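To keep things clear, I will list the structure first and then write my remarks on it.
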Protein chains: 2
Amino acid sequence: MENNTPVTLKFLAEKLKMSVSTVSKALNDYPTINSYTRQRVKEMAQKWHFTPNKSALNLKEKKSHIIGVILPNLLDHFFTKSIYGIEQYAMQKGYNVIISQSYDELQKEILLANMLLRSRVDGLIIAISKQTKDFNHLDQFEKLGVPVVYYTRNPSFNLNCHKVLGNTFQGSYEATRFLISRGHKRIAYLGGPKMTNFTHDRFNGYINALKDGGISFDAELVAYTDFDKENTINAIQKLFMTESPQPTALVAFKEVIIFDAIKYLKSIKHPNFEEIECIGFGNTPFIHYLDHPPLASIEENPQSVGKNAIELLLKLINKDIGIGDYQKVMVDCKLVLH
Amino acid sequence: MENNTPVTLKFLAEKLKMSVSTVSKALNDYPTINSYTRQRVKEMAQKWHFTPNKSALNLKEKKSHIIGVILPNLLDHFFTKSIYGIEQYAMQKGYNVIISQSYDELQKEILLANMLLRSRVDGLIIAISKQTKDFNHLDQFEKLGVPVVYYTRNPSFNLNCHKVLGNTFQGSYEATRFLISRGHKRIAYLGGPKMTNFTHDRFNGYINALKDGGISFDAELVAYTDFDKENTINAIQKLFMTESPQPTALVAFKEVIIFDAIKYLKSIKHPNFEEIECIGFGNTPFIHYLDHPPLASIEENPQSVGKNAIELLLKLINKDIGIGDYQKVMVDCKLVLH
DNA sequence: TTGTAAGCGTTATCAC
DNA sequence: GTGATAACGCTTACAA
């Protein structure tokens, strides 16, 4: 039973003394095929572990069955988890996934986009870099009929596109309301890269929660960081090194910023760093090892975001949804107490 | 310049009023082609952004240009980083990578292996699950001429195979020697899953360092965990809840075990948990947020391990190395002080 | 120096 | 019900 001739339709046809096309039809349950013939063919196929050659199918169907994914960084738990959702669903539907990292750099993103376009991916899922403000390198996909789904990071400057986003407005709204309900009056907001297009919703959630909670907004309680350590520390200094009444709570764009904040406040022996209550987007498993863990986390359900993205993309690929019929899917966040 | 006919050789040939084969040869720098012709062809190809259809090439070459990777879990930083090395190098050489997770379960691993075999991957890179003791599902690849490279986790029961391993012996040897040099006499060893085949080297490194450092081995100072929280706590209890003189230092299979250990000892208010000096395999960036970080980390250079694995695999695929000429590559570890 | 034709493994269209 | 044939896009003897 060991042999080195590849098991192809031709091979089976010879064994069965039939034509290749009959074998093909039998395996694909064509109604015109005699049921006994079909059975014989299927048995033989089973016996030899026949699997159709994907390259041949791809060539015929003019599809690569490859989905490209571009994301900033796999070291961020959010993205690692999101590709679970993507990969599982894709595999199940017969697609392979190529993952590539932009490291949050536009130049790299452009390079990767061109590479993926040239390797003829059937679709693209992308979380844009923090530098991406122009979308030529991504728009070219749709021009060639290759659908693109933006996920997680909202390219708000790009109006005509498909998006799957976490409901970060709701996330930071709930977090802020929760802090208010615990009696906080001075709640700081530490945002992500300033002036990028995927950060507004969180800020708006914070603002709206303040308003609905009857707390007036104070610009002194808002700072931004681009995730760079130094930058983060500057932001924290802005928030906590002032003369005015200090914040007693903090809502942060990403959990990791909170870790940096707490570490810094501790290092400078800030008098009441132990009392400051923090909530950030993330929910890293690591949290449980910290001496001063955040009060709660805004769980973004990355896996679900990923799954929604690939689901939408496959619908676009299969033309169940028109490529110009732009969709927007929101995935709710959940406040998790620690 | 916009058009929906795919840019193929045929398309270019028609534009140039040449035959398809001439175009193909020109693009592939056949010496028999007139240099002026070649130039014209290349210009036209450039103009139309011609890229050869990979499915067609794959079909012709009888290759899929896909590498399968099976690993236990992407949430482990080691594996996430290792696929950097794999993916980068593979992409550069024109291969795609399918990553799949066994969640350290043999059943899942078998399933994935069969799936990958059926999707005709050109090669397999695998970090076996902690349950894998039988290798039928992996041996079948080589029987069909598909090379397999085992990485990180040593399948020592499987003698005839290609491996790329971290030099964990050296890693734990150096860690232990370092602890001895700091005056420790009672150094505990907290190992990974007992009786699995990829854990011996670390233990041997520990043992040998003790011997070379003139410290006698004490079985009471050794415990094992399968990474399960409860299991880890049992192991820690075994080490620290005894009547005999307690360990003052700890070498651990994985950094995360140390985090669990410290957390537990702190929770039970162990009298001198602050003095215990720990070193584990890993070097998680997260470490810097801990109040009681390990003394040092054994950096396993995951990226380099991944790169070596894919390099070896591609050599096997290209038959630069015979599939039966079994290779073993070791990647050194490095002690990183915190 | 260029062109013709076969073949990689499938499926779809026809003819028988 | 079944079988021949063309086509998908590319490479490569071989012929011209």
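Chain labels A, B, ... are given in the sequence in which chains occur in the structure tokens; within each chain residues are numbered consecutively from 1, and ligands are likewise numbered from 1 in the order shown.
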(message) Using only C-alpha atoms (C1' of nucleotides) and a cut-off of 12 Å, which residues of chain A sit close to chain C? Please list them as JSON, numbers by chain.
(response) {"A": [6, 7, 8, 9, 10, 11, 20, 21, 22, 23, 24, 25, 27, 28, 30, 51, 52, 53, 54, 55, 56, 57, 58, 59, 60, 61, 62]}
(request) Could you give me, as a ChimeraX atom specification, the residues within 8 Å of Gly282 (chain B), counting only C-alpha atoms (C1' of nucleotides) and dropping anything in the same chain fewer than 4 positions from it? (result) /B:78,254-255,297-300
Output C-alpha atoms for every residue in the selection just made, as a compact mmCIF listing (two decimals), in the first residue's frame.
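Listed below is the output, out-v8.txt:
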```txt
# COMPACT_ATOMS: atom_id res chain seq x y z
CA PHE B 78 8.07 31.68 23.44
CA LYS B 254 9.18 28.23 32.84
CA GLU B 255 9.07 31.75 34.16
CA SER B 297 15.79 34.94 33.23
CA ILE B 298 17.10 32.28 30.96
CA GLU B 299 16.50 33.79 27.54
CA GLU B 300 15.79 31.00 25.08
```
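The part of chain D that reaches within 10 Å of chain A is made up of DG1, DT2, DG3, DA4, DA7, DC8 and DG9 of chain D, counting only C-alpha atoms (C1' of nucleotides).
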Exercise: region 148-153 of chain B partners within 6 Å, only C-alpha atoms (C1' of nucleotides), chain neighbours under 6 positions left out, as a PDB file with C-alpha atoms, in the first residue's frame:
```pdb
ATOM      1  CA  GLY B 123       7.069  20.484   5.234  1.00  0.00           C
ATOM      2  CA  LEU B 124       6.156  20.486   8.905  1.00  0.00           C
ATOM      3  CA  ILE B 125       7.611  22.228  11.908  1.00  0.00           C
ATOM      4  CA  ILE B 126       6.307  20.977  15.218  1.00  0.00           C
ATOM      5  CA  ALA B 127       6.630  21.532  18.923  1.00  0.00           C
ATOM      6  CA  HIS B 162      15.472  16.373  12.626  1.00  0.00           C
ATOM      7  CA  LYS B 163      15.556  18.643  15.647  1.00  0.00           C
ATOM      8  CA  VAL B 164      16.183  22.242  16.491  1.00  0.00           C
ATOM      9  CA  LEU B 165      16.389  22.681  20.222  1.00  0.00           C
ATOM     10  CA  GLY B 166      17.214  25.331  22.740  1.00  0.00           C
ATOM     11  CA  PHE B 198      11.549  17.150  26.590  1.00  0.00           C
TER      12      PHE B 198
END
```
(message) as a PyMOL selection string, please: every residue in region 223-335 of chain B that DSSP puts in alpha helix (DSSP H).
(response) chain B and resi 229-240+255-267+302-317
(request) Might you pull out every residue within 10 Å of Asp134 (chain B), with only C-alpha atoms (C1' of nucleotides) counted and same-chain residues fewer than 4 positions away left off, and present them as a list of chain:residue names? (result)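 Listing them by chain and then by number gives B:Leu106, B:Leu138, B:Asp139, B:Pro155, B:Phe157, B:Asn158.
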Store the residues picked out above in a file with N, CA, C and O atoms, as a compact mmCIF listing (two decimals), in the first residue's frame.
```
# COMPACT_ATOMS: atom_id res chain seq x y z
N LEU B 106 -2.81 15.67 22.71
CA LEU B 106 -2.39 14.74 21.66
C LEU B 106 -3.46 14.58 20.59
O LEU B 106 -3.18 14.59 19.40
N LEU B 138 3.08 11.64 12.99
CA LEU B 138 4.10 12.53 12.44
C LEU B 138 5.03 11.76 11.50
O LEU B 138 5.49 12.30 10.49
N ASP B 139 5.26 10.50 11.82
CA ASP B 139 6.13 9.70 10.96
C ASP B 139 5.57 9.56 9.54
O ASP B 139 6.31 9.43 8.58
N PRO B 155 11.70 15.32 21.08
CA PRO B 155 10.99 14.04 21.10
C PRO B 155 12.00 12.92 21.28
O PRO B 155 12.28 12.17 20.36
N PHE B 157 12.12 10.12 22.40
CA PHE B 157 11.77 8.73 22.08
C PHE B 157 11.84 8.47 20.58
O PHE B 157 11.83 7.33 20.14
N ASN B 158 11.84 9.53 19.82
CA ASN B 158 11.87 9.40 18.38
C ASN B 158 13.30 9.67 17.90
O ASN B 158 13.71 10.81 17.76
```
If you take only C-alpha atoms and a cut-off of 10 Å, which residues of chain B touch chain A, and what are their nearest atom pairs and distances in Å to one decimal, in chain and number order, as a tab-separated table?
```
residue	atom	partner	partner_atom	distance
B:Glu2	CA	A:Lys143	CA	8.8
B:Asn3	CA	A:Leu144	CA	8.7
B:Asn4	CA	A:Leu144	CA	7.6
B:Pro6	CA	A:Leu144	CA	9.6
B:His49	CA	A:Arg118	CA	8.6
B:Phe50	CA	A:Arg118	CA	8.6
B:Thr51	CA	A:Arg118	CA	6.3
B:Pro52	CA	A:Arg118	CA	8.7
B:Asn53	CA	A:Arg120	CA	7.9
B:Lys54	CA	A:Ser119	CA	7.2
B:Ser55	CA	A:Ser55	CA	5.0
B:Ala56	CA	A:Leu59	CA	5.8
B:Leu57	CA	A:Ser55	CA	8.5
B:Asn58	CA	A:Ser55	CA	6.0
B:Leu59	CA	A:Ser55	CA	5.3
B:Lys60	CA	A:Ser55	CA	9.0
B:Lys62	CA	A:Ser55	CA	8.5
B:Lys63	CA	A:Ser55	CA	8.3
B:Ser64	CA	A:Ser55	CA	6.8
B:His65	CA	A:Ser55	CA	9.9
B:Ile66	CA	A:Asn96	CA	9.4
B:Leu74	CA	A:Thr80	CA	7.1
B:Leu75	CA	A:Thr80	CA	7.3
B:His77	CA	A:Leu75	CA	7.6
B:Thr80	CA	A:Leu74	CA	7.1
B:Lys81	CA	A:Leu75	CA	7.9
B:Ile83	CA	A:Leu74	CA	9.9
B:Tyr84	CA	A:Leu74	CA	9.0
B:Glu87	CA	A:Ser100	CA	8.2
B:Gln88	CA	A:Ser100	CA	8.6
B:Met91	CA	A:Ile98	CA	9.3
B:Gly94	CA	A:Ser119	CA	9.5
B:Asn96	CA	A:Ile98	CA	6.7
B:Val97	CA	A:Ile98	CA	6.7
B:Ile98	CA	A:Asn96	CA	6.7
B:Ile99	CA	A:Glu87	CA	8.4
B:Ser100	CA	A:Glu87	CA	8.2
B:Gln101	CA	A:Tyr84	CA	9.2
B:Met115	CA	A:Met91	CA	9.8
B:Leu117	CA	A:Thr51	CA	9.8
B:Arg118	CA	A:Thr51	CA	6.3
B:Ser119	CA	A:Lys54	CA	7.2
B:Arg120	CA	A:Asn53	CA	7.9
B:Lys143	CA	A:Glu2	CA	8.6
B:Leu144	CA	A:Asn4	CA	7.3
B:Gly145	CA	A:Asn4	CA	8.7
B:Val256	CA	A:Phe286	CA	9.3
B:Phe259	CA	A:Tyr289	CA	6.5
B:Asp260	CA	A:Tyr289	CA	7.5
B:Ile262	CA	A:Tyr289	CA	8.6
B:Lys263	CA	A:Tyr289	CA	6.5
B:Tyr264	CA	A:Tyr289	CA	9.8
B:Pro285	CA	A:Leu75	CA	9.8
B:Phe286	CA	A:Phe286	CA	7.9
B:Ile287	CA	A:Tyr289	CA	9.8
B:His288	CA	A:Lys263	CA	8.6
B:Tyr289	CA	A:Phe259	CA	6.4
B:Leu290	CA	A:Leu290	CA	5.9
B:Asp291	CA	A:Asp291	CA	6.6
B:His292	CA	A:Asp291	CA	9.1
```
(request) Would you list, as number ranges by chain, the residues of region 123-169 of chain A that end up in strand (DSSP E or B) under DSSP run on this structure's backbone? (result) A: 123-126, 148-151, 162-166
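In this structure, CA of Gln140 (chain A) sits 26.1 Å away from CA of Gly85 (chain A).
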(message) I'd like the contact shell of region 199-208 of chain B - 7 Å cut-off, only C-alpha atoms (C1' of nucleotides), skipping same-chain residues fewer than 5 positions apart - returned as a PyMOL selection string.
(response) chain B and resi 168-170+172-173+176+192
Can I get the selection written as a PDB file, in the first residue's frame, with N, CA, C and O atoms?
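What landed in part_21.pdb:
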```pdb
ATOM      1  N   THR B 168      18.845  23.826  26.538  1.00  0.00           N
ATOM      2  CA  THR B 168      18.296  24.030  27.883  1.00  0.00           C
ATOM      3  C   THR B 168      19.217  23.473  28.965  1.00  0.00           C
ATOM      4  O   THR B 168      19.187  23.937  30.095  1.00  0.00           O
ATOM      5  N   PHE B 169      20.007  22.498  28.596  1.00  0.00           N
ATOM      6  CA  PHE B 169      20.994  21.998  29.549  1.00  0.00           C
ATOM      7  C   PHE B 169      21.887  23.159  29.979  1.00  0.00           C
ATOM      8  O   PHE B 169      21.997  23.490  31.153  1.00  0.00           O
ATOM      9  N   GLN B 170      22.463  23.785  28.981  1.00  0.00           N
ATOM     10  CA  GLN B 170      23.350  24.916  29.247  1.00  0.00           C
ATOM     11  C   GLN B 170      22.611  26.005  30.018  1.00  0.00           C
ATOM     12  O   GLN B 170      23.124  26.583  30.970  1.00  0.00           O
ATOM     13  N   SER B 172      19.979  25.861  32.101  1.00  0.00           N
ATOM     14  CA  SER B 172      19.745  25.659  33.531  1.00  0.00           C
ATOM     15  C   SER B 172      21.062  25.432  34.270  1.00  0.00           C
ATOM     16  O   SER B 172      21.183  25.751  35.445  1.00  0.00           O
ATOM     17  N   TYR B 173      22.058  24.950  33.554  1.00  0.00           N
ATOM     18  CA  TYR B 173      23.383  24.830  34.178  1.00  0.00           C
ATOM     19  C   TYR B 173      23.871  26.220  34.600  1.00  0.00           C
ATOM     20  O   TYR B 173      24.231  26.451  35.757  1.00  0.00           O
ATOM     21  N   THR B 176      21.888  27.734  37.477  1.00  0.00           N
ATOM     22  CA  THR B 176      22.190  27.105  38.764  1.00  0.00           C
ATOM     23  C   THR B 176      23.568  27.534  39.274  1.00  0.00           C
ATOM     24  O   THR B 176      23.741  27.872  40.443  1.00  0.00           O
ATOM     25  N   GLY B 192       9.077  20.883  34.571  1.00  0.00           N
ATOM     26  CA  GLY B 192       7.857  20.801  33.771  1.00  0.00           C
ATOM     27  C   GLY B 192       7.240  19.424  33.894  1.00  0.00           C
ATOM     28  O   GLY B 192       7.644  18.637  34.744  1.00  0.00           O
TER      29      GLY B 192
END
```
(request) Provide the CA of Thr225 (chain B) to CA of Leu250 (chain B) distance in Å, to one decimal place. (result)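 Going from CA of Thr225 (chain B) over to CA of Leu250 (chain B), I get 14.0 Å.
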